[in-house]
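Q: Starting off with a structure, shown below.
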Amino acid sequence: MLLNSPRLNDAMTKYDLAAMVAVAPENVLYTSGFWCLSQWIRRGPQAFVVVPASSQGEPVIITSTSTLDLVADQGVTARVRRYGGFTVDTDRSIVLNSVSARQAELYELVADDSAVSGLVAEIRAAGLANSRIGIDEVGLLPGDIEALKSALPEVTWVNASSVFRWVRAVKTAAEIAKLKAIGEITERSISAALAIAKEGVTESEMARVFHSHTVGEDAFPVLGCIGFGERSALPNVQPSDRALRKGDVIRFDVGGHFRNYRADIARNAYFGEPSRDIEIKYNALNEGVKRAIEHVRPGVSASEIFRVVVEAVREAGIPHYQRSHVGHGIGLDGYDFPLLSASSEDVLEDGMVLCVETPYYELGRVGLQVEDMVVVRPDGAEMLTNNGDSLVVIDR
């Protein structure tokens, strides 16, 4: 199960909400188990999920008729409202399998005119038209909230995107299993990419191997920053035809997604014999991540982790080290709560999954970055990925 139901119910109690409405694709998936394809490829709410408070009923999906095949094929059990028209013909002489039969059943539902009108109708039908309702405002299009306020003047709408992010910050066991799987796939994809490292290999060729290995393990590409030499210092480097040469750092800031859950890790390799300066800086960055992992516990503030990391890197070899943050949560989104920054008010909780990172860029010369994924546990950090102790050196 993806949804952390007790945490969601706690949030609704805290803010005195009779229901919450998921709009953004991550929150629609999280609250209902429904992956709505159209929401992930274009803007705007093609689906809503109405989640009543625990005592008032089960989640209800409001989605386009054109996506009902996904509801059926994914085995989604939540109640569904459909809107809009879409034509699929049926040969009455054919006995439908369970997926097609479920799809045909869903087509028999009365259709609303639009996503917003379907949401209005569901709120009225659920007896929530005089309630406080949290809504995931980030996923709405301009004019949507005005239309809802006009149609439901007695509803008190509460912006709740940050509440959904707070709920998602603590992962269930099923979520952590997916995050562990994609973290391990990403590590193996890096190893496969480095296996082709030789003089003349291009960033694009290495990226092709990296992503191909990810796909070969039934995951999908998301993030692929792979840079050589001076290009490793470009924070968001995209693979090019730059060829690998002796004396180059290879920097990976990469990750795929597996069953919709994300990885984000960073690794470095050196092609040739690294200078003492590179070793010192790499070791300092690695020490910062290790020190953070030692301090990870429930109840520790995100700002304290930031302080520990920056101080460790400075003491270990980069005295001028500066960062805006040294990590973030990860899950369905690449940047879940918490944010490990100096000004963050977030506090670590059991079950949070963090990316702890120490990027460092010297423009025109070198970029180095260590990043690992860990779970916050009562007795410390559980490693989902492991950078190890030493800079990878390739000499062939």
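Each chain in the structure tokens gets a letter, A, B and so on, in the order shown; residues start at 1 in every chain, and ligands are counted from 1 in the order they appear.
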Do a neighbour search on A:Ile41 at 10 Å with only C-alpha atoms, toss out local chain neighbours closer than 4 positions, and write the hits as a PyMOL selection string.
A: chain A and resi 25+36-37
Q: Would you give me, as a ChimeraX atom specification, the residues in stretch 189-362 of chain A that DSSP reads as helix (DSSP H, G or I)?
A: /A:189-194,203-216,229-233,276-295,302-316
Q: I'd like the neighbourhood of A:Gly288 as number ranges by chain, where a residue qualifies if any of its atoms comes within 7 Å (using only C-alpha atoms), though same-chain residues fewer than 3 positions away should be ignored.
A: A: 284-285, 291-292, 309-310, 312-313, 358
Q: Quick one: residues within 7 Å of stretch 70-72 of chain A, only C-alpha atoms, excluding same-chain residues fewer than 5 positions away - as an NGL selection string?
A: :A and (34 or 99 or 102-103)
Q: Once you have the residues from the selection above, write them out as a short mmCIF file (atom, residue, chain, number, x, y, z; two decimals), in the first residue's frame, restricted to C-alpha atoms.
A:
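The new file selection13.cif reads:
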data_model
loop_
_atom_site.label_atom_id
_atom_site.label_comp_id
_atom_site.auth_asym_id
_atom_site.auth_seq_id
_atom_site.Cartn_x
_atom_site.Cartn_y
_atom_site.Cartn_z
CA PHE A 34 -4.43 5.18 -9.95
CA VAL A 99 -10.01 -6.15 -17.52
CA ARG A 102 -14.39 -3.92 -15.88
CA GLN A 103 -13.75 -1.26 -18.53
#
Q: Residues at most 12 Å from A:Glu345, counting only C-alpha atoms, excluding those fewer than 3 positions away in the same chain, as a VMD selection string?
A: chain A and resid 299 to 306 337 to 342 348
Q: Could you please take those selected residues and save N, CA, C and O atoms as a compact mmCIF listing (two decimals), in the first residue's frame?
A:
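again-v9.txt written:
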# COMPACT_ATOMS: atom_id res chain seq x y z
N GLY A 299 13.81 12.87 15.15
CA GLY A 299 13.90 13.98 16.09
C GLY A 299 15.02 14.95 15.81
O GLY A 299 15.04 16.05 16.35
N VAL A 300 15.97 14.56 14.96
CA VAL A 300 17.06 15.47 14.59
C VAL A 300 16.54 16.45 13.55
O VAL A 300 15.83 16.07 12.62
N SER A 301 16.88 17.72 13.68
CA SER A 301 16.39 18.72 12.73
C SER A 301 17.17 18.64 11.42
O SER A 301 18.35 18.29 11.39
N ALA A 302 16.48 18.97 10.33
CA ALA A 302 17.14 19.02 9.02
C ALA A 302 18.26 20.05 9.01
O ALA A 302 19.30 19.85 8.38
N SER A 303 18.05 21.15 9.72
CA SER A 303 19.08 22.19 9.77
C SER A 303 20.34 21.71 10.49
O SER A 303 21.46 22.12 10.16
N GLU A 304 20.19 20.82 11.48
CA GLU A 304 21.34 20.26 12.17
C GLU A 304 22.14 19.35 11.23
O GLU A 304 23.38 19.37 11.24
N ILE A 305 21.46 18.56 10.42
CA ILE A 305 22.16 17.73 9.43
C ILE A 305 22.94 18.62 8.47
O ILE A 305 24.10 18.33 8.14
N PHE A 306 22.33 19.70 8.05
CA PHE A 306 23.02 20.64 7.16
C PHE A 306 24.30 21.16 7.82
O PHE A 306 25.38 21.17 7.20
N PHE A 337 9.57 16.20 1.01
CA PHE A 337 10.05 16.66 2.31
C PHE A 337 10.89 15.54 2.94
O PHE A 337 10.63 14.36 2.67
N PRO A 338 11.89 15.84 3.75
CA PRO A 338 12.32 17.16 4.19
C PRO A 338 13.40 17.74 3.26
O PRO A 338 13.97 17.01 2.44
N LEU A 339 13.68 19.02 3.44
CA LEU A 339 14.81 19.65 2.77
C LEU A 339 15.91 19.87 3.80
O LEU A 339 15.67 20.47 4.86
N LEU A 340 17.10 19.39 3.50
CA LEU A 340 18.22 19.50 4.44
C LEU A 340 18.96 20.80 4.18
O LEU A 340 19.99 20.85 3.49
N SER A 341 18.44 21.89 4.71
CA SER A 341 19.01 23.22 4.50
C SER A 341 19.17 23.93 5.84
O SER A 341 18.60 23.52 6.86
N ALA A 342 19.92 25.04 5.81
CA ALA A 342 20.17 25.80 7.04
C ALA A 342 18.90 26.39 7.61
O ALA A 342 18.74 26.51 8.83
N LEU A 348 13.47 15.23 11.20
CA LEU A 348 13.49 13.86 10.70
C LEU A 348 12.52 12.98 11.48
O LEU A 348 12.41 13.10 12.70
Q: Nearest residue to A:Ala126 out of A:Glu362, A:Asp218, A:Glu349, A:Glu58, using only C-alpha atoms?
A: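 When distances to A:Ala126 are compared using only C-alpha atoms, the smallest one comes from A:Glu58.
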Q: With only C-alpha atoms as the atoms that count, which of A:Glu230, A:Asp112, A:Glu184, A:Asp346 lies nearest to A:Arg251?
A: A:Glu230
Q: Pick out the closest residue to A:Arg168 from this set: A:Gly364, A:Gly200, A:Gly329, A:Gly380. Count only C-alpha atoms.
A: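 Comparing A:Gly364, A:Gly200, A:Gly329, A:Gly380 against A:Arg168, the winner is A:Gly329.
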